[in-house]
>>> print(open('work12.cif').read())   # mmCIF, C-alpha atoms, pLDDT in the B column; chains and numbers go by the auth columns
data_coords
#
loop_
_atom_site.group_PDB
_atom_site.id
_atom_site.type_symbol
_atom_site.label_atom_id
_atom_site.label_comp_id
_atom_site.label_asym_id
_atom_site.label_seq_id
_atom_site.Cartn_x
_atom_site.Cartn_y
_atom_site.Cartn_z
_atom_site.B_iso_or_equiv
_atom_site.auth_seq_id
_atom_site.auth_asym_id
ATOM 1 C CA GLY A 1 62.974 20.117 74.285 72.00 266 A
ATOM 2 C CA GLU A 2 65.114 20.629 71.234 78.00 267 A
ATOM 3 C CA ASP A 3 66.323 24.119 70.448 88.00 268 A
ATOM 4 C CA VAL A 4 68.077 25.095 67.237 92.00 269 A
ATOM 5 C CA GLU A 5 70.000 28.357 66.997 93.00 270 A
ATOM 6 C CA GLN A 6 71.695 30.085 64.123 94.00 271 A
ATOM 7 C CA SER A 7 72.983 33.566 63.372 90.00 272 A
ATOM 8 C CA LEU A 8 70.487 35.775 61.582 89.00 273 A
ATOM 9 C CA PHE A 9 72.584 37.424 58.876 94.00 274 A
ATOM 10 C CA LEU A 10 75.568 36.699 56.667 97.00 275 A
ATOM 11 C CA SER A 11 76.945 38.861 53.881 97.00 276 A
ATOM 12 C CA VAL A 12 79.532 37.628 51.367 97.00 277 A
ATOM 13 C CA ARG A 13 80.953 38.699 48.037 97.00 278 A
ATOM 14 C CA GLU A 14 80.079 36.795 44.894 97.00 279 A
ATOM 15 C CA GLY A 15 82.641 34.045 44.312 97.00 280 A
ATOM 16 C CA ASP A 16 83.597 33.744 47.987 97.00 281 A
ATOM 17 C CA SER A 17 82.629 30.829 50.213 97.00 282 A
ATOM 18 C CA SER A 18 79.751 31.203 52.657 97.00 283 A
ATOM 19 C CA VAL A 19 79.674 29.372 55.958 97.00 284 A
ATOM 20 C CA ILE A 20 76.419 29.262 57.886 98.00 285 A
ATOM 21 C CA ASN A 21 76.563 27.874 61.409 97.00 286 A
ATOM 22 C CA CYS A 22 73.970 26.225 63.605 96.00 287 A
ATOM 23 C CA THR A 23 73.858 24.703 67.080 96.00 288 A
ATOM 24 C CA TYR A 24 71.277 22.312 68.472 94.00 289 A
ATOM 25 C CA THR A 25 70.629 21.056 71.960 92.00 290 A
ATOM 26 C CA ASP A 26 69.233 17.524 71.687 87.00 291 A
ATOM 27 C CA SER A 27 72.107 15.065 71.373 82.00 292 A
ATOM 28 C CA SER A 28 69.662 12.362 70.214 83.00 293 A
ATOM 29 C CA SER A 29 68.937 14.270 67.008 84.00 294 A
ATOM 30 C CA THR A 30 69.189 11.708 64.243 84.00 295 A
ATOM 31 C CA TYR A 31 68.685 13.815 61.140 89.00 296 A
ATOM 32 C CA LEU A 32 69.969 17.313 60.590 93.00 297 A
ATOM 33 C CA TYR A 33 68.880 19.371 57.633 94.00 298 A
ATOM 34 C CA TRP A 34 69.522 22.536 55.735 96.00 299 A
ATOM 35 C CA TYR A 35 66.520 24.097 54.023 95.00 300 A
ATOM 36 C CA LYS A 36 66.535 27.107 51.695 95.00 301 A
ATOM 37 C CA GLN A 37 63.723 29.649 51.457 92.00 302 A
ATOM 38 C CA GLU A 38 63.633 32.097 48.575 90.00 303 A
ATOM 39 C CA PRO A 39 61.426 35.226 48.751 84.00 304 A
ATOM 40 C CA GLY A 40 57.739 34.430 48.593 79.00 305 A
ATOM 41 C CA ALA A 41 58.298 30.680 48.549 83.00 306 A
ATOM 42 C CA GLY A 42 58.176 27.761 50.929 87.00 307 A
ATOM 43 C CA LEU A 43 61.184 25.921 52.276 91.00 308 A
ATOM 44 C CA GLN A 44 63.084 23.519 50.068 92.00 309 A
ATOM 45 C CA LEU A 45 65.401 20.821 51.377 92.00 310 A
ATOM 46 C CA LEU A 46 68.988 21.526 50.299 94.00 311 A
ATOM 47 C CA THR A 47 70.771 18.698 52.012 93.00 312 A
ATOM 48 C CA TYR A 48 70.691 16.558 55.123 91.00 313 A
ATOM 49 C CA ILE A 49 73.130 14.553 57.208 92.00 314 A
ATOM 50 C CA PHE A 50 72.703 11.600 59.510 89.00 315 A
ATOM 51 C CA SER A 51 74.060 11.874 63.020 87.00 316 A
ATOM 52 C CA ASN A 52 76.576 9.077 62.356 88.00 317 A
ATOM 53 C CA MET A 53 78.304 11.139 59.662 90.00 318 A
ATOM 54 C CA ASP A 54 80.878 13.912 60.077 92.00 319 A
ATOM 55 C CA MET A 55 80.717 15.399 56.635 95.00 320 A
ATOM 56 C CA LYS A 56 78.641 15.329 53.513 94.00 321 A
ATOM 57 C CA GLN A 57 79.476 16.975 50.214 95.00 322 A
ATOM 58 C CA ASP A 58 77.048 17.657 47.406 91.00 323 A
ATOM 59 C CA GLN A 59 78.440 19.746 44.539 94.00 324 A
ATOM 60 C CA ARG A 60 79.002 23.259 45.975 96.00 325 A
ATOM 61 C CA LEU A 61 77.555 22.342 49.364 96.00 326 A
ATOM 62 C CA THR A 62 79.532 20.866 52.257 97.00 327 A
ATOM 63 C CA VAL A 63 77.885 19.979 55.549 97.00 328 A
ATOM 64 C CA LEU A 64 80.038 19.469 58.630 97.00 329 A
ATOM 65 C CA LEU A 65 78.687 17.921 61.801 96.00 330 A
ATOM 66 C CA ASN A 66 80.412 18.049 65.179 94.00 331 A
ATOM 67 C CA LYS A 67 78.311 15.816 67.403 92.00 332 A
ATOM 68 C CA LYS A 68 80.364 16.492 70.496 92.00 333 A
ATOM 69 C CA ASP A 69 79.703 20.229 70.275 93.00 334 A
ATOM 70 C CA LYS A 70 76.260 19.782 68.653 94.00 335 A
ATOM 71 C CA HIS A 71 77.354 22.088 65.872 95.00 336 A
ATOM 72 C CA LEU A 72 76.323 21.939 62.237 96.00 337 A
ATOM 73 C CA SER A 73 77.624 24.086 59.405 97.00 338 A
ATOM 74 C CA LEU A 74 76.803 24.594 55.748 98.00 339 A
ATOM 75 C CA ARG A 75 79.517 25.771 53.404 98.00 340 A
ATOM 76 C CA ILE A 76 78.560 27.087 49.973 97.00 341 A
ATOM 77 C CA ALA A 77 81.533 27.285 47.637 97.00 342 A
ATOM 78 C CA ASP A 78 81.716 29.947 44.917 97.00 343 A
ATOM 79 C CA THR A 79 78.632 31.746 46.247 98.00 344 A
ATOM 80 C CA GLN A 80 76.452 33.261 43.552 97.00 345 A
ATOM 81 C CA THR A 81 73.820 36.013 43.699 95.00 346 A
ATOM 82 C CA GLY A 82 71.220 33.287 43.169 94.00 347 A
ATOM 83 C CA ASP A 83 72.229 31.824 46.512 96.00 348 A
ATOM 84 C CA SER A 84 70.767 34.857 48.302 96.00 349 A
ATOM 85 C CA ALA A 85 67.994 33.413 50.469 95.00 350 A
ATOM 86 C CA ILE A 86 67.181 32.399 54.007 95.00 351 A
ATOM 87 C CA TYR A 87 68.812 29.162 55.137 97.00 352 A
ATOM 88 C CA PHE A 88 67.166 27.149 57.894 96.00 353 A
ATOM 89 C CA CYS A 89 68.919 24.594 60.033 95.00 354 A
ATOM 90 C CA ALA A 90 66.603 21.865 61.369 94.00 355 A
ATOM 91 C CA ALA A 91 66.884 18.792 63.595 92.00 356 A
ATOM 92 C CA ASN A 92 64.781 15.656 63.946 88.00 357 A
ATOM 93 C CA THR A 93 65.107 12.943 66.580 79.00 358 A
ATOM 94 C CA GLY A 94 63.476 10.326 64.375 72.00 359 A
ATOM 95 C CA GLY A 95 59.893 11.129 65.240 72.00 360 A
ATOM 96 C CA PHE A 96 57.334 13.277 63.493 71.00 361 A
ATOM 97 C CA LYS A 97 58.626 16.601 64.795 78.00 362 A
ATOM 98 C CA THR A 98 61.346 18.617 63.108 87.00 363 A
ATOM 99 C CA ILE A 99 62.606 21.692 64.963 89.00 364 A
ATOM 100 C CA PHE A 100 63.685 24.623 62.812 91.00 365 A
ATOM 101 C CA GLY A 101 66.055 27.454 63.616 92.00 366 A
ATOM 102 C CA ALA A 102 65.140 31.088 62.947 91.00 367 A
ATOM 103 C CA GLY A 103 66.979 31.104 59.627 94.00 368 A
ATOM 104 C CA THR A 104 70.129 32.867 58.404 96.00 369 A
ATOM 105 C CA ARG A 105 69.677 35.542 55.761 95.00 370 A
ATOM 106 C CA LEU A 106 72.470 35.254 53.224 97.00 371 A
ATOM 107 C CA PHE A 107 73.208 38.382 51.218 96.00 372 A
ATOM 108 C CA VAL A 108 75.505 37.984 48.222 97.00 373 A
ATOM 109 C CA LYS A 109 77.121 41.162 46.919 94.00 374 A
ATOM 110 C CA ALA A 110 78.035 41.308 43.240 89.00 375 A
ATOM 111 C CA GLU B 1 59.526 18.643 42.378 54.00 141 B
ATOM 112 C CA ALA B 2 57.228 18.679 45.388 55.00 142 B
ATOM 113 C CA ASP B 3 53.527 18.799 44.626 89.00 143 B
ATOM 114 C CA ILE B 4 52.070 20.647 47.540 94.00 144 B
ATOM 115 C CA TYR B 5 49.796 23.580 46.980 95.00 145 B
ATOM 116 C CA GLN B 6 48.430 26.353 49.122 97.00 146 B
ATOM 117 C CA THR B 7 45.686 28.810 48.360 96.00 147 B
ATOM 118 C CA PRO B 8 45.298 31.669 48.571 96.00 148 B
ATOM 119 C CA ARG B 9 48.896 32.881 48.342 94.00 149 B
ATOM 120 C CA TYR B 10 47.973 36.269 49.771 95.00 150 B
ATOM 121 C CA LEU B 11 44.921 37.255 51.794 96.00 151 B
ATOM 122 C CA VAL B 12 43.943 40.593 53.306 96.00 152 B
ATOM 123 C CA ILE B 13 40.823 40.403 55.409 95.00 153 B
ATOM 124 C CA GLY B 14 38.961 42.350 58.068 96.00 154 B
ATOM 125 C CA THR B 15 38.761 41.518 61.759 96.00 155 B
ATOM 126 C CA GLY B 16 36.076 39.023 62.708 96.00 156 B
ATOM 127 C CA LYS B 17 35.896 37.237 59.369 95.00 157 B
ATOM 128 C CA LYS B 18 36.063 33.461 59.095 96.00 158 B
ATOM 129 C CA ILE B 19 38.816 32.199 56.799 96.00 159 B
ATOM 130 C CA THR B 20 40.033 28.857 55.560 97.00 160 B
ATOM 131 C CA LEU B 21 43.540 28.357 54.250 97.00 161 B
ATOM 132 C CA GLU B 22 43.750 25.459 51.830 98.00 162 B
ATOM 133 C CA CYS B 23 46.571 22.954 51.546 98.00 163 B
ATOM 134 C CA SER B 24 46.703 19.994 49.183 97.00 164 B
ATOM 135 C CA GLN B 25 49.390 17.513 48.270 96.00 165 B
ATOM 136 C CA THR B 26 49.414 14.953 45.489 94.00 166 B
ATOM 137 C CA MET B 27 52.237 12.785 46.825 90.00 167 B
ATOM 138 C CA GLY B 28 50.078 10.534 48.995 90.00 168 B
ATOM 139 C CA HIS B 29 51.955 11.575 52.116 91.00 169 B
ATOM 140 C CA ASP B 30 50.544 10.521 55.460 91.00 170 B
ATOM 141 C CA LYS B 31 51.960 13.303 57.618 92.00 171 B
ATOM 142 C CA MET B 32 50.965 16.903 57.144 95.00 172 B
ATOM 143 C CA TYR B 33 51.867 20.008 59.101 95.00 173 B
ATOM 144 C CA TRP B 34 50.963 23.661 59.505 96.00 174 B
ATOM 145 C CA TYR B 35 53.612 26.142 60.555 95.00 175 B
ATOM 146 C CA GLN B 36 53.307 29.811 61.410 94.00 176 B
ATOM 147 C CA GLN B 37 56.241 31.991 60.409 91.00 177 B
ATOM 148 C CA ASP B 38 56.562 35.667 61.290 87.00 178 B
ATOM 149 C CA PRO B 39 59.015 37.699 59.183 77.00 179 B
ATOM 150 C CA GLY B 40 62.601 36.955 60.173 70.00 180 B
ATOM 151 C CA MET B 41 61.527 34.422 62.746 78.00 181 B
ATOM 152 C CA GLU B 42 61.633 30.667 63.091 81.00 182 B
ATOM 153 C CA LEU B 43 58.867 28.320 62.056 88.00 183 B
ATOM 154 C CA HIS B 44 56.413 27.374 64.763 90.00 184 B
ATOM 155 C CA LEU B 45 54.458 24.131 64.439 91.00 185 B
ATOM 156 C CA ILE B 46 50.769 24.855 65.107 93.00 186 B
ATOM 157 C CA HIS B 47 49.055 21.671 63.853 95.00 187 B
ATOM 158 C CA TYR B 48 49.975 18.276 62.475 94.00 188 B
ATOM 159 C CA SER B 49 48.317 15.113 61.293 94.00 189 B
ATOM 160 C CA TYR B 50 49.472 11.510 61.020 91.00 190 B
ATOM 161 C CA GLY B 51 46.758 10.627 58.539 93.00 191 B
ATOM 162 C CA VAL B 52 43.033 10.721 57.846 95.00 192 B
ATOM 163 C CA ASN B 53 40.988 11.672 60.930 95.00 193 B
ATOM 164 C CA SER B 54 44.149 12.425 62.906 94.00 194 B
ATOM 165 C CA THR B 55 44.840 15.992 64.037 95.00 195 B
ATOM 166 C CA GLU B 56 47.056 17.245 66.831 93.00 196 B
ATOM 167 C CA LYS B 57 48.040 20.634 68.196 92.00 197 B
ATOM 168 C CA GLY B 58 51.642 21.667 67.794 89.00 198 B
ATOM 169 C CA ASP B 59 54.011 23.558 70.044 81.00 199 B
ATOM 170 C CA LEU B 60 52.604 27.021 69.479 83.00 200 B
ATOM 171 C CA SER B 61 49.133 27.644 70.769 78.00 201 B
ATOM 172 C CA SER B 62 46.851 28.705 67.954 82.00 202 B
ATOM 173 C CA GLU B 63 43.216 29.687 67.751 89.00 203 B
ATOM 174 C CA SER B 64 42.969 27.956 64.400 93.00 204 B
ATOM 175 C CA THR B 65 41.514 24.502 63.780 95.00 205 B
ATOM 176 C CA VAL B 66 42.323 21.872 61.172 96.00 206 B
ATOM 177 C CA SER B 67 40.675 18.850 59.655 97.00 207 B
ATOM 178 C CA ARG B 68 41.930 15.811 57.735 97.00 208 B
ATOM 179 C CA ILE B 69 39.045 14.132 55.989 97.00 209 B
ATOM 180 C CA ARG B 70 41.100 13.150 52.964 96.00 210 B
ATOM 181 C CA THR B 71 44.766 12.201 52.768 95.00 211 B
ATOM 182 C CA GLU B 72 45.591 14.910 50.298 96.00 212 B
ATOM 183 C CA HIS B 73 43.782 17.797 51.974 97.00 213 B
ATOM 184 C CA PHE B 74 44.598 19.589 55.249 98.00 214 B
ATOM 185 C CA PRO B 75 42.727 22.896 55.548 98.00 215 B
ATOM 186 C CA LEU B 76 43.260 25.382 58.372 97.00 216 B
ATOM 187 C CA THR B 77 40.366 27.518 59.620 96.00 217 B
ATOM 188 C CA LEU B 78 40.221 30.684 61.689 94.00 218 B
ATOM 189 C CA GLU B 79 36.668 31.254 62.940 93.00 219 B
ATOM 190 C CA SER B 80 37.211 34.932 63.714 94.00 220 B
ATOM 191 C CA ALA B 81 40.347 36.542 62.341 95.00 221 B
ATOM 192 C CA ARG B 82 42.212 39.111 64.422 95.00 222 B
ATOM 193 C CA PRO B 83 45.207 41.361 63.659 95.00 223 B
ATOM 194 C CA SER B 84 47.350 39.101 65.880 93.00 224 B
ATOM 195 C CA HIS B 85 46.781 36.342 63.297 94.00 225 B
ATOM 196 C CA THR B 86 48.717 38.318 60.699 95.00 226 B
ATOM 197 C CA SER B 87 51.563 36.048 59.649 95.00 227 B
ATOM 198 C CA GLN B 88 52.755 33.620 56.994 94.00 228 B
ATOM 199 C CA TYR B 89 51.289 30.119 57.187 96.00 229 B
ATOM 200 C CA LEU B 90 53.278 27.254 55.688 95.00 230 B
ATOM 201 C CA CYS B 91 51.879 23.810 54.984 97.00 231 B
ATOM 202 C CA ALA B 92 54.168 20.795 54.689 95.00 232 B
ATOM 203 C CA SER B 93 53.928 17.046 54.234 94.00 233 B
ATOM 204 C CA SER B 94 56.186 14.034 54.667 90.00 234 B
ATOM 205 C CA ASP B 95 56.037 10.350 53.924 83.00 235 B
ATOM 206 C CA LEU B 96 55.523 8.330 57.085 67.00 236 B
ATOM 207 C CA GLN B 97 56.384 5.054 55.416 61.00 237 B
ATOM 208 C CA GLY B 98 58.762 5.636 52.557 55.00 238 B
ATOM 209 C CA SER B 99 61.171 8.320 53.654 59.00 239 B
ATOM 210 C CA THR B 100 64.398 7.344 55.346 63.00 240 B
ATOM 211 C CA TYR B 101 65.247 10.810 56.486 71.00 241 B
ATOM 212 C CA ASN B 102 61.892 12.448 57.238 76.00 242 B
ATOM 213 C CA GLU B 103 62.171 15.157 54.600 84.00 243 B
ATOM 214 C CA GLN B 104 59.335 17.631 54.729 90.00 244 B
ATOM 215 C CA PHE B 105 58.003 19.134 51.516 91.00 245 B
ATOM 216 C CA PHE B 106 56.682 22.665 51.850 93.00 246 B
ATOM 217 C CA GLY B 107 54.020 24.587 50.033 95.00 247 B
ATOM 218 C CA PRO B 108 54.661 28.201 48.941 93.00 248 B
ATOM 219 C CA GLY B 109 52.834 29.623 51.941 94.00 249 B
ATOM 220 C CA THR B 110 49.863 31.909 52.524 96.00 250 B
ATOM 221 C CA ARG B 111 50.642 35.413 53.683 94.00 251 B
ATOM 222 C CA LEU B 112 47.692 36.540 55.805 96.00 252 B
ATOM 223 C CA THR B 113 47.050 40.137 56.826 96.00 253 B
ATOM 224 C CA VAL B 114 44.158 40.909 59.157 96.00 254 B
ATOM 225 C CA LEU B 115 43.170 44.554 59.318 95.00 255 B
#
>>> encode(input="work12.cif", output="structure tokens")
Amino acid sequence: GEDVEQSLFLSVREGDSSVINCTYTDSSSTYLYWYKQEPGAGLQLLTYIFSNMDMKQDQRLTVLLNKKDKHLSLRIADTQTGDSAIYFCAANTGGFKTIFGAGTRLFVKA
Amino acid sequence: EADIYQTPRYLVIGTGKKITLECSQTMGHDKMYWYQQDPGMELHLIHYSYGVNSTEKGDLSSESTVSRIRTEHFPLTLESARPSHTSQYLCASSDLQGSTYNEQFFGPGTRLTVL
């Protein structure tokens, strides 16, 4: 079955760019997502990308998809302390089930 | 903003007690899910539902049960809580018909501690 892996921690300085990486195993994944979880809250969808796209940009967020390597990344430009959270990569093959990674904890130092 | 609610937000309870975690959504979504999330770990799907009277077990074996008598309501019940049930439980929903990208909307979670 699908497996989604991501590094557990990332620390950046305020104002720098953050890049969070993710790999998935199922090449038939149709939708790939980035969710954000703030302390004590549920997950909130940040952005998503279809498998037929290479890149998607949404304000400070840039998602890059390398289908050949099954690699997804999320770049946050001008990272702010409010961006400190856990970021989950997730993949869906078009059915009901979405597989989530373990989450990357982003620490932003002032 | 997503309208999906979970109560209680925090629960500390003794071993052997029966508990029900509530989840409600006002978006009319057909699909609903329960995930278990240990601190620093990935989400594990424990139950899901396609609609009223539909319930299925997820990937992670769980001693909990669910019911879906109404579209908006998807409660999770533990008949006899044990310390191994200590975890965060996240409820989510998605629109089977209307969504083009299967976005799931999450509730704030219930953090359960069993002593």
>>> closest_residue(input="work12.cif", among="B:Phe246, B:Tyr175, B:Tyr241, B:Tyr190", to="Ser227 (chain B)", atoms="all atoms listed in the file")
B:Tyr175
>>> residues_around(input="work12.cif", residues="region 356-369 of chain A", least_positions_apart="5", cutoff="10 Å", atoms="only C-alpha atoms", output="ChimeraX atom specification")
/A:266-275,285-302,313-316,350-351 /B:171-173,177-185,188-190,198-199,234,236,240-244
>>> residues_around(input="work12.cif", residues="Pro223 (chain B)", least_positions_apart="6", cutoff="7 Å", atoms="all atoms listed in the file", output="list in words")
Thr155, Val254 and Leu255 of chain B
>>> closest_residue(input="work12.cif", among="B:Ile153, B:Met167, B:Leu161, B:Ala232", to="Leu310 (chain A)", atoms="only C-alpha atoms")
B:Ala232
>>> closest_residue(input="work12.cif", among="A:Asn317, A:Thr327, A:Gln322, A:Ser282", to="Gln345 (chain A)", atoms="all atoms listed in the file")
A:Ser282
>>> resolve_selection(input="work12.cif", expression="the PyMOL selection byres ((chain A and resi 340) around 6)", output="PyMOL selection string")
chain A and resi 283-284+326-327+339+341
>>> residues_around(input="work12.cif", residues="Arg222 (chain B)", least_positions_apart="3", cutoff="12 Å", atoms="all atoms listed in the file", output="list of chain:residue names")
B:Val152, B:Ile153, B:Gly154, B:Thr155, B:Gly156, B:Lys157, B:Lys158, B:Ile159, B:Ser202, B:Glu203, B:Ser204, B:Leu218, B:Glu219, B:His225, B:Thr226, B:Ser227, B:Leu252, B:Thr253, B:Val254, B:Leu255
>>> write_last_selection(input="work12.cif", atoms="C-alpha atoms", output="tab-separated table (two decimals), in the frame of the given file")
chain	number	residue	atom	x	y	z
B	152	VAL	CA	43.94	40.59	53.31
B	153	ILE	CA	40.82	40.40	55.41
B	154	GLY	CA	38.96	42.35	58.07
B	155	THR	CA	38.76	41.52	61.76
B	156	GLY	CA	36.08	39.02	62.71
B	157	LYS	CA	35.90	37.24	59.37
B	158	LYS	CA	36.06	33.46	59.10
B	159	ILE	CA	38.82	32.20	56.80
B	202	SER	CA	46.85	28.70	67.95
B	203	GLU	CA	43.22	29.69	67.75
B	204	SER	CA	42.97	27.96	64.40
B	218	LEU	CA	40.22	30.68	61.69
B	219	GLU	CA	36.67	31.25	62.94
B	225	HIS	CA	46.78	36.34	63.30
B	226	THR	CA	48.72	38.32	60.70
B	227	SER	CA	51.56	36.05	59.65
B	252	LEU	CA	47.69	36.54	55.80
B	253	THR	CA	47.05	40.14	56.83
B	254	VAL	CA	44.16	40.91	59.16
B	255	LEU	CA	43.17	44.55	59.32
>>> atom_distance(input="work12.cif", atom1="CA of Thr160 (chain B)", atom2="CA of Thr195 (chain B)")
16.1 Å
>>> atom_distance(input="work12.cif", atom1="CA of Glu162 (chain B)", atom2="CA of Thr217 (chain B)")
8.7 Å
>>> closest_residue(input="work12.cif", among="A:Val328, A:Met318, A:Val373, A:Cys354", to="chain B", atoms="all atoms listed in the file")
A:Cys354
>>> residues_around(input="work12.cif", residues="Ile144 (chain B)", least_positions_apart="4", cutoff="7 Å", atoms="all atoms listed in the file", output="PyMOL selection string")
chain B and resi 164-166+246-247
